[in-house]
Structure formats: C-alpha cells, structure tokens
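I have placed the structure first, in the form of structure tokens, so that the comments after it can refer back to it.
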Amino acid sequence: MRVTSILDAIGDTPLVRLARVSAGVAAEVWGKVESLNPGGSTKDRAARSMIEAAEREGRLKPGMEIVEPTGGNTGVALAMICAVKGYRCTLVVPRGTSAQKIGVLRAYGAEVIEARADVEPAHAEGFIGVAERVAKERGAFHPDQFANPANPAAHVEATAKELLAECDGRIDAFVACVGSGGTISGVGRALKAALPRLQLVMAAPRAPAGSALLASAGTAVEGVSGLTPDAAFGCPAIDRVVEVPDADAFAMARRLAREEGLLVGGSSGAAVVAALDVARTMLAGGRVVAFLPDTGRNYLTSIFAASG
C-alpha cells in the first residue's frame, strides 16, 4: 500500500476468525480488528469523517483549533488528523483515563485537560461540560462526537461495506459496545438495510457496578456506556443487549492476546464475550461478527498488568 498521507490508511481492517476462544461453539465467531487503523482504533474513521464534513461545510477553516471531550480513542484520532492537517488540538478527558492514552495524545502534540470523573460527563466540571466551555471561550470547532451525524456516517459509508464484502454478504449477528454510539448506529443501519434478519446486539456493562465513560482506568472498561445512541444517529432497533461484567471483559481481552495473538482493549473483550453468548444460540453455519474497537497497548498497566 502506498498512500499520500497516513489518513489514507484508515479503514480496510481485517476480519479475523476467532477459532480458539470460540472452540466448542458451533457457529462462527469473527472479530473486526480496528486496532490496525493507524491511530490504533475505529475512532480514526469517525474523526476523519467529522473533520472532513466540517471542512466541506465551512465550519472548520485553516488555523482553527479543535476542542473535543474524549475517553481517549477519539482524541488520539483527532490529534493524529490535526497533526497532518495543521489544526491546533485540545482534548478534555475524564480524570482516570489511562496514562498510555494521555501520553499518546501529547505525543501527537495535543493539549490535554483532565476533568472531574465523579460527576456526570455533561456537568459543568465533567469532561463534556468542560470541553463545551473551552470550545466556546476559544472560538474553537467542537466536533461533538456524541451527536455529530458524520460519526455514524463513516460506518455506513465504509465499515459496513467492508464487513459485507469480507463476509460475502452473510452475517447473522453484529455485536458491538456503545461509546459515542456511532459504530453500532452506522454499521447497524447499513447491515440491517442489506440483511433485514440480522441480529443487532449491544454488549453493555453489567448494572449496577458496570463501567461507564467516567470510570477509573483498570477498574472498568474505558469508553463504554450502557446508554443507547443519540436519536440523531438513527440507530435501528437493538435486538438484544448482553450485559458483560468488567472482569469477564478483561479476562477475554487477555485470552484474545494469548490465544489469538490479538492485543485489544477491554471493550473488545466485552464484545467477544457477548458474541460468544449469541453464537451459542445458533446452529453450525451461523456467523457472528464482534467489533474490536482498539488496541490493548493503551492498557498495559491496567488490563494486562493483572494475572489470569
């Protein structure tokens, strides 16, 4: 592959059969390995889509600053894209975000502001509230990944098409966690249009002690919410919600590294746990795709520091 810039390497990630962790399950279980995007996560797709849409619409012009709240991965994607395009980048993260993620943001040249994690994200001192205030004060462009329709559009236009091609148009269930909600909304919308009988499955933190966007690193799966996507994303009806304890998600992430050679994060582990739960209800020939959003290199001192 030869590209004009690293941004042209976003997408076309591999779909990998998870044969070892699914041993004994009749249906096929596959993982869409988004950690192989250049920024290390699926958020490269959404970030590029949001920035390029704003450029086309004249809302983002040369020399402007971009300010966004992030659990880490969208921030990495934005910081990488800003480095290529020459925008100043400021990212607001909840306190407790992994040190590896923050280090990567700064390596790309972004300013990082840590906000309170013991309040709701939209609170004035939460990471979304702080980002909105800073963007307003500085006259910066605020992509607003949680409500920007260009976020799910990236997955309608590319991710879902990749999956349909990789699976020869045959997928029985698609399983993903929800962070901003862009992935499950965009992929779900496009797959349901092509495959009306497809099961759209959300892997969610197990209540009441499950994870949340503001949870501390190492104790809960970062960037994962039990909330359904914003109505603006046009997410189709979710057919099933599978609750996954954080400990099970972490254990599966470690299994994926040691048995499949896939170094992925906790949300990937949660998606695979849920995918296996769905696959066990199917006969031979069934096909379940789990979405693996990011790299495990962000969690070496949390998920992968634990034994087991």
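We label chains A, B, ... in the order they appear in the structure tokens, count residues from 1 in each chain, and number ligands from 1 in the order shown.
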
**Message:** Excluding Val244 (chain A) and its own-chain neighbours fewer than 4 positions away, which residues fall within 7 Å of it when counting only C-alpha atoms? Please give them as a list in words.
**Reply:**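 Contacts, in chain order: Ala203, Ala204, Pro205, Arg206, Asp248, Ala249, Ala270 and Ala274 of chain A.
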
Those same residues, written as a PDB file, in the first residue's frame with C-alpha atoms?
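Output file result_4.pdb is given in full below:
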ATOM      1  CA  ALA A 203     -22.588  -5.523  24.644  1.00  0.00           C
ATOM      2  CA  ALA A 204     -23.227  -3.456  27.767  1.00  0.00           C
ATOM      3  CA  PRO A 205     -21.646  -3.110  31.203  1.00  0.00           C
ATOM      4  CA  ARG A 206     -23.444  -5.175  33.809  1.00  0.00           C
ATOM      5  CA  ASP A 248     -15.141 -11.034  32.160  1.00  0.00           C
ATOM      6  CA  ALA A 249     -14.323  -8.407  29.528  1.00  0.00           C
ATOM      7  CA  ALA A 270     -16.749  -7.387  26.200  1.00  0.00           C
ATOM      8  CA  ALA A 274     -21.340 -11.123  24.148  1.00  0.00           C
TER       9      ALA A 274
END

Fewer than 4 positions away in the same chain doesn't count, so skip those; otherwise give me all residues within 10 Å of Thr295 (chain A), counting only C-alpha atoms, as an mmCIF file with C-alpha atoms, in the first residue's frame.
data_model
loop_
_atom_site.group_PDB
_atom_site.id
_atom_site.type_symbol
_atom_site.label_atom_id
_atom_site.label_comp_id
_atom_site.auth_asym_id
_atom_site.auth_seq_id
_atom_site.Cartn_x
_atom_site.Cartn_y
_atom_site.Cartn_z
ATOM 1 C CA VAL A 33 -9.762 -5.748 14.159
ATOM 2 C CA GLU A 34 -9.969 -1.956 14.284
ATOM 3 C CA SER A 35 -6.721 -1.620 16.239
ATOM 4 C CA LEU A 36 -4.971 -1.829 12.862
ATOM 5 C CA ASN A 37 -6.161 1.622 11.888
ATOM 6 C CA GLY A 39 -4.339 5.705 15.199
ATOM 7 C CA GLY A 40 -4.973 2.355 16.861
ATOM 8 C CA SER A 41 -8.771 2.377 16.930
ATOM 9 C CA THR A 42 -12.007 2.610 14.993
ATOM 10 C CA ASN A 73 -9.517 6.955 21.291
ATOM 11 C CA LEU A 262 -4.799 -10.021 19.121
ATOM 12 C CA LEU A 263 -3.728 -7.294 21.560
ATOM 13 C CA VAL A 264 -7.002 -5.438 22.063
ATOM 14 C CA GLY A 265 -8.760 -3.450 24.771
ATOM 15 C CA GLY A 266 -11.465 -4.223 27.299
ATOM 16 C CA SER A 267 -14.364 -3.185 25.067
ATOM 17 C CA SER A 268 -13.165 -5.758 22.532
ATOM 18 C CA TYR A 299 -3.982 -0.774 28.800
#

Kindly assemble as CSV a list of the region 123-146 of chain A residues that lie within 10 Å of region 51-57 of chain A, each paired with its nearest atom pair and their distance in Å to one decimal, using only C-alpha atoms, sorted first by chain and then by ascending residue number.
residue,atom,partner,partner_atom,distance
A:Phe141,CA,A:Ala54,CA,8.7
A:His142,CA,A:Ile51,CA,9.8
A:Pro143,CA,A:Ile51,CA,7.3

Counting only C-alpha atoms, which residues in region 31-117 of chain A sit no more than 9 Å from region 155-171 of chain A? For each one, give the nearest pair of atoms and the distance in Å, sorted by chain then residue number, as a tab-separated table.
residue	atom	partner	partner_atom	distance
A:Lys32	CA	A:Leu163	CA	8.1
A:Arg45	CA	A:His155	CA	7.5
A:Ala46	CA	A:His155	CA	7.7

**Item:** Filtered DSSP result for region 39-75 of chain A, state helix (DSSP H, G or I), as a ChimeraX atom specification
**Value:** /A:43-56,73-75

**Request:** Pick out the residues sitting within 7 Å of Ala150 (chain A), and hand them over as a ChimeraX atom specification; count only C-alpha atoms, and ignore anything fewer than 2 positions along from it in its own chain.
**Result:** /A:46,49-50,53,148,152-154

Could the residues in this selection be written to a file with C-alpha atoms, as a compact mmCIF listing (two decimals), in the first residue's frame?
# COMPACT_ATOMS: atom_id res chain seq x y z
CA ALA A 46 -15.34 8.84 12.78
CA SER A 49 -15.48 11.89 8.79
CA MET A 50 -16.37 14.66 11.25
CA ALA A 53 -17.58 17.16 6.83
CA ASN A 148 -22.50 14.55 15.11
CA PRO A 152 -22.15 7.10 12.19
CA ALA A 153 -21.94 8.14 8.52
CA ALA A 154 -18.33 6.92 8.46

**Request:** Rounded to one decimal place, report the CA of Val221 (chain A)-CA of Asp246 (chain A) distance in Å.
**Result:**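 Between CA of Val221 (chain A) and CA of Asp246 (chain A) the gap works out to 6.1 Å.
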
**Message:** Residues within 12 Å of Asp277 (chain A), please, as an MDAnalysis selection string. Count only C-alpha atoms; anything in the same chain fewer than 6 positions from it doesn't count.
**Reply:** chainID A and resid 22 25:27 29 173 175 201:203 240:244 270:271 288 290
